[in-house]
$ cat query20.txt   # compact mmCIF, N, CA and C atoms
# COMPACT_ATOMS: atom_id res chain seq x y z
N MET A 1 18.12 0.64 -12.20
CA MET A 1 18.90 0.42 -11.00
C MET A 1 20.08 -0.51 -11.25
N ALA A 2 19.96 -1.37 -12.22
CA ALA A 2 21.04 -2.32 -12.50
C ALA A 2 21.92 -1.83 -13.65
N GLY A 3 21.68 -0.63 -14.12
CA GLY A 3 22.49 -0.08 -15.18
C GLY A 3 22.15 -0.62 -16.56
N VAL A 4 20.94 -1.13 -16.74
CA VAL A 4 20.55 -1.69 -18.04
C VAL A 4 19.56 -0.80 -18.78
N GLY A 5 19.33 0.38 -18.29
CA GLY A 5 18.38 1.27 -18.94
C GLY A 5 16.97 1.07 -18.42
N CYS A 6 16.06 1.78 -19.01
CA CYS A 6 14.67 1.75 -18.57
C CYS A 6 13.98 0.46 -19.03
N LEU A 7 13.45 -0.28 -18.09
CA LEU A 7 12.74 -1.53 -18.39
C LEU A 7 11.24 -1.39 -18.18
N HIS A 8 10.80 -0.22 -17.75
CA HIS A 8 9.38 0.04 -17.49
C HIS A 8 8.82 -0.90 -16.42
N VAL A 9 9.64 -1.22 -15.44
CA VAL A 9 9.24 -2.04 -14.30
C VAL A 9 9.29 -1.14 -13.07
N PRO A 10 8.13 -0.89 -12.46
CA PRO A 10 8.14 0.01 -11.29
C PRO A 10 8.83 -0.64 -10.09
N ILE A 11 9.54 0.16 -9.36
CA ILE A 11 10.19 -0.28 -8.13
C ILE A 11 9.57 0.52 -7.00
N ILE A 12 8.90 -0.19 -6.08
CA ILE A 12 8.24 0.48 -4.96
C ILE A 12 8.60 -0.24 -3.67
N SER A 13 8.46 0.46 -2.57
CA SER A 13 8.76 -0.14 -1.27
C SER A 13 7.51 -0.51 -0.49
N ASP A 14 6.34 -0.25 -1.04
CA ASP A 14 5.07 -0.56 -0.37
C ASP A 14 4.62 -1.96 -0.81
N LEU A 15 4.95 -2.97 -0.02
CA LEU A 15 4.66 -4.35 -0.39
C LEU A 15 3.17 -4.61 -0.54
N ALA A 16 2.36 -4.07 0.35
CA ALA A 16 0.90 -4.27 0.25
C ALA A 16 0.37 -3.72 -1.07
N ARG A 17 0.84 -2.56 -1.47
CA ARG A 17 0.41 -1.98 -2.75
C ARG A 17 0.88 -2.82 -3.93
N ALA A 18 2.10 -3.30 -3.87
CA ALA A 18 2.62 -4.14 -4.95
C ALA A 18 1.82 -5.44 -5.06
N LEU A 19 1.51 -6.04 -3.92
CA LEU A 19 0.76 -7.29 -3.93
C LEU A 19 -0.66 -7.10 -4.46
N ALA A 20 -1.24 -5.95 -4.23
CA ALA A 20 -2.59 -5.68 -4.73
C ALA A 20 -2.65 -5.76 -6.25
N GLU A 21 -1.53 -5.48 -6.90
CA GLU A 21 -1.48 -5.49 -8.36
C GLU A 21 -0.82 -6.74 -8.92
N ALA A 22 -0.36 -7.65 -8.07
CA ALA A 22 0.39 -8.82 -8.51
C ALA A 22 -0.49 -10.07 -8.60
N ASP A 23 -0.06 -11.00 -9.43
CA ASP A 23 -0.69 -12.31 -9.48
C ASP A 23 0.01 -13.29 -8.54
N VAL A 24 1.31 -13.11 -8.37
CA VAL A 24 2.12 -13.98 -7.53
C VAL A 24 3.33 -13.17 -7.04
N ALA A 25 3.86 -13.54 -5.88
CA ALA A 25 5.07 -12.89 -5.36
C ALA A 25 6.22 -13.89 -5.39
N ILE A 26 7.40 -13.39 -5.68
CA ILE A 26 8.61 -14.20 -5.69
C ILE A 26 9.58 -13.56 -4.72
N ASP A 27 10.00 -14.33 -3.72
CA ASP A 27 10.87 -13.81 -2.66
C ASP A 27 12.26 -14.42 -2.77
N PHE A 28 13.21 -13.60 -3.20
CA PHE A 28 14.63 -13.97 -3.19
C PHE A 28 15.37 -12.98 -2.30
N SER A 29 14.75 -12.60 -1.19
CA SER A 29 15.32 -11.57 -0.34
C SER A 29 16.34 -12.17 0.62
N SER A 30 15.99 -12.26 1.87
CA SER A 30 16.87 -12.84 2.88
C SER A 30 16.00 -13.60 3.88
N ALA A 31 16.61 -14.50 4.59
CA ALA A 31 15.86 -15.31 5.55
C ALA A 31 15.19 -14.43 6.60
N THR A 32 15.80 -13.32 6.94
CA THR A 32 15.20 -12.45 7.96
C THR A 32 13.99 -11.68 7.42
N ALA A 33 13.93 -11.42 6.13
CA ALA A 33 12.80 -10.69 5.55
C ALA A 33 11.65 -11.61 5.17
N THR A 34 11.90 -12.90 5.07
CA THR A 34 10.88 -13.82 4.58
C THR A 34 9.65 -13.88 5.46
N ARG A 35 9.81 -13.83 6.77
CA ARG A 35 8.64 -13.90 7.66
C ARG A 35 7.65 -12.76 7.35
N ALA A 36 8.14 -11.55 7.20
CA ALA A 36 7.26 -10.41 6.89
C ALA A 36 6.66 -10.55 5.49
N ASN A 37 7.44 -11.01 4.53
CA ASN A 37 6.92 -11.20 3.18
C ASN A 37 5.85 -12.28 3.15
N LEU A 38 6.05 -13.34 3.90
CA LEU A 38 5.07 -14.42 4.01
C LEU A 38 3.77 -13.90 4.61
N ALA A 39 3.87 -13.13 5.68
CA ALA A 39 2.68 -12.56 6.32
C ALA A 39 1.94 -11.62 5.38
N ALA A 40 2.67 -10.82 4.62
CA ALA A 40 2.04 -9.89 3.68
C ALA A 40 1.30 -10.65 2.58
N CYS A 41 1.89 -11.72 2.09
CA CYS A 41 1.23 -12.51 1.05
C CYS A 41 -0.01 -13.21 1.58
N ARG A 42 0.06 -13.69 2.81
CA ARG A 42 -1.13 -14.30 3.42
C ARG A 42 -2.25 -13.27 3.55
N ALA A 43 -1.91 -12.08 4.01
CA ALA A 43 -2.92 -11.04 4.18
C ALA A 43 -3.53 -10.63 2.84
N ALA A 44 -2.71 -10.62 1.78
CA ALA A 44 -3.19 -10.22 0.46
C ALA A 44 -3.77 -11.40 -0.32
N ARG A 45 -3.65 -12.61 0.25
CA ARG A 45 -4.14 -13.83 -0.40
C ARG A 45 -3.47 -14.04 -1.76
N LYS A 46 -2.14 -13.85 -1.78
CA LYS A 46 -1.37 -14.00 -3.02
C LYS A 46 -0.42 -15.20 -2.92
N PRO A 47 -0.31 -15.99 -3.98
CA PRO A 47 0.64 -17.09 -3.99
C PRO A 47 2.06 -16.57 -3.84
N LEU A 48 2.93 -17.41 -3.25
CA LEU A 48 4.30 -16.99 -2.98
C LEU A 48 5.27 -18.10 -3.33
N LEU A 49 6.32 -17.73 -4.07
CA LEU A 49 7.46 -18.61 -4.33
C LEU A 49 8.62 -18.06 -3.52
N ILE A 50 9.19 -18.89 -2.66
CA ILE A 50 10.33 -18.48 -1.85
C ILE A 50 11.55 -19.21 -2.36
N GLY A 51 12.55 -18.45 -2.79
CA GLY A 51 13.80 -19.04 -3.26
C GLY A 51 14.97 -18.67 -2.38
N THR A 52 14.69 -18.40 -1.15
CA THR A 52 15.69 -17.96 -0.17
C THR A 52 16.10 -19.14 0.69
N THR A 53 17.30 -19.10 1.24
CA THR A 53 17.79 -20.17 2.12
C THR A 53 18.17 -19.57 3.47
N GLY A 54 18.54 -20.45 4.40
CA GLY A 54 19.04 -20.02 5.70
C GLY A 54 17.97 -19.72 6.73
N PHE A 55 16.81 -20.37 6.60
CA PHE A 55 15.73 -20.12 7.54
C PHE A 55 15.98 -20.75 8.89
N ALA A 56 15.48 -20.09 9.93
CA ALA A 56 15.46 -20.68 11.26
C ALA A 56 14.37 -21.75 11.29
N ALA A 57 14.54 -22.77 12.10
CA ALA A 57 13.60 -23.89 12.16
C ALA A 57 12.18 -23.46 12.52
N GLU A 58 12.04 -22.36 13.26
CA GLU A 58 10.69 -21.94 13.67
C GLU A 58 9.84 -21.48 12.49
N LEU A 59 10.45 -21.21 11.35
CA LEU A 59 9.66 -20.83 10.18
C LEU A 59 8.92 -22.02 9.57
N ASP A 60 9.32 -23.23 9.90
CA ASP A 60 8.62 -24.41 9.37
C ASP A 60 7.13 -24.33 9.69
N GLY A 61 6.78 -23.96 10.90
CA GLY A 61 5.38 -23.83 11.30
C GLY A 61 4.69 -22.71 10.55
N ALA A 62 5.40 -21.62 10.32
CA ALA A 62 4.82 -20.49 9.58
C ALA A 62 4.57 -20.89 8.13
N PHE A 63 5.47 -21.67 7.55
CA PHE A 63 5.27 -22.16 6.17
C PHE A 63 4.04 -23.06 6.11
N ALA A 64 3.92 -23.97 7.05
CA ALA A 64 2.79 -24.90 7.06
C ALA A 64 1.47 -24.15 7.22
N ALA A 65 1.44 -23.17 8.10
CA ALA A 65 0.22 -22.38 8.31
C ALA A 65 -0.13 -21.58 7.06
N ALA A 66 0.86 -20.97 6.44
CA ALA A 66 0.61 -20.16 5.25
C ALA A 66 0.11 -21.03 4.10
N ALA A 67 0.65 -22.23 3.98
CA ALA A 67 0.27 -23.13 2.89
C ALA A 67 -1.19 -23.55 2.98
N ARG A 68 -1.79 -23.40 4.15
CA ARG A 68 -3.23 -23.68 4.27
C ARG A 68 -4.07 -22.53 3.71
N ASP A 69 -3.47 -21.35 3.58
CA ASP A 69 -4.19 -20.16 3.13
C ASP A 69 -3.88 -19.74 1.70
N ILE A 70 -2.63 -19.96 1.27
CA ILE A 70 -2.20 -19.50 -0.06
C ILE A 70 -1.35 -20.59 -0.71
N PRO A 71 -1.30 -20.60 -2.04
CA PRO A 71 -0.34 -21.48 -2.70
C PRO A 71 1.08 -21.03 -2.32
N LEU A 72 1.90 -21.97 -1.88
CA LEU A 72 3.24 -21.66 -1.39
C LEU A 72 4.22 -22.69 -1.90
N LEU A 73 5.32 -22.23 -2.49
CA LEU A 73 6.40 -23.11 -2.91
C LEU A 73 7.69 -22.59 -2.31
N VAL A 74 8.33 -23.42 -1.50
CA VAL A 74 9.62 -23.07 -0.92
C VAL A 74 10.65 -23.91 -1.68
N ALA A 75 11.40 -23.25 -2.54
CA ALA A 75 12.38 -23.92 -3.40
C ALA A 75 13.74 -23.29 -3.13
N ALA A 76 14.40 -23.82 -2.13
CA ALA A 76 15.64 -23.20 -1.67
C ALA A 76 16.76 -23.26 -2.70
N ASN A 77 16.75 -24.23 -3.58
CA ASN A 77 17.81 -24.33 -4.59
C ASN A 77 17.19 -24.10 -5.95
N THR A 78 17.33 -22.90 -6.47
CA THR A 78 16.71 -22.57 -7.75
C THR A 78 17.75 -22.31 -8.82
N THR A 79 18.98 -22.70 -8.58
CA THR A 79 20.00 -22.48 -9.60
C THR A 79 19.94 -23.57 -10.64
N ALA A 80 20.29 -23.22 -11.83
CA ALA A 80 20.35 -24.20 -12.91
C ALA A 80 21.82 -24.56 -13.14
N ARG A 81 22.10 -25.82 -13.25
CA ARG A 81 23.46 -26.27 -13.45
C ARG A 81 23.64 -26.61 -14.92
N ARG A 82 24.66 -26.06 -15.51
CA ARG A 82 24.94 -26.37 -16.89
C ARG A 82 26.27 -27.09 -16.96
N ASP A 83 26.27 -28.23 -17.58
CA ASP A 83 27.52 -28.95 -17.77
C ASP A 83 28.37 -28.26 -18.85
N ALA A 84 29.65 -28.37 -18.71
CA ALA A 84 30.55 -27.76 -19.68
C ALA A 84 30.36 -28.35 -21.07
N ALA A 85 29.90 -29.60 -21.14
CA ALA A 85 29.72 -30.25 -22.43
C ALA A 85 28.42 -29.86 -23.11
N ALA A 86 27.51 -29.23 -22.38
CA ALA A 86 26.18 -28.92 -22.95
C ALA A 86 26.20 -27.79 -23.91

$ encode --input "query20.txt" --output "structure tokens"
Amino acid sequence: MAGVGCLHVPIISDLARALAEADVAIDFSSATATRANLAACRAARKPLLIGTTGFAAELDGAFAAAARDIPLLVAANTTARRDAAA
């Protein structure tokens, strides 16, 4: 899909099926999709790393509730900064 040839990585749209085969989920989607992804991970009992920004304040409660059920890391800034001198 990215023009780099075959990487043998399946691309599917069935999140529940993907989570059944996953050890952890990583969400770099969009703030609007995160609520559904969070709910799917809770239902599948899968850890979730969220690297998305721009959440509405009401998601704070959803994050707290999910963190009681699954390992959850919300890391809004996941970019690495490299100095020009490095």

$ closest_atom_pairs --input "query20.txt" --of "segment 41-63 of chain A" --to "segment 8-25 of chain A" --cutoff "5 Å" --atoms "all atoms listed in the file" --output "JSON lines"
{"residue": "A:Pro47", "atom": "C", "partner": "A:Ala25", "partner_atom": "N", "distance": 4.1}
{"residue": "A:Leu48", "atom": "CA", "partner": "A:Ala25", "partner_atom": "C", "distance": 4.4}
{"residue": "A:Leu49", "atom": "N", "partner": "A:Ala25", "partner_atom": "C", "distance": 4.1}

$ atom_distance --input "query20.txt" --atom1 "atom C of Ala65 of chain A" --atom2 "atom N of Arg42 of chain A"
9.0 Å

$ atom_distance --input "query20.txt" --atom1 "atom N of Pro71 of chain A" --atom2 "atom C of Asn37 of chain A"
12.1 Å

$ select_by_dssp --input "query20.txt" --residues "chain A" --states "strand (DSSP E or B)" --output "number ranges by chain"
A: 25-27, 48-50, 72-74

$ atom_distance --input "query20.txt" --atom1 "atom CA of Val4 of chain A" --atom2 "atom C of Ala76 of chain A"
26.7 Å

$ closest_residue --input "query20.txt" --among "A:Ile50, A:Ala39, A:Ala67, A:Leu73" --to "Ile26 of chain A" --atoms "only N, CA and C atoms"
A:Ile50
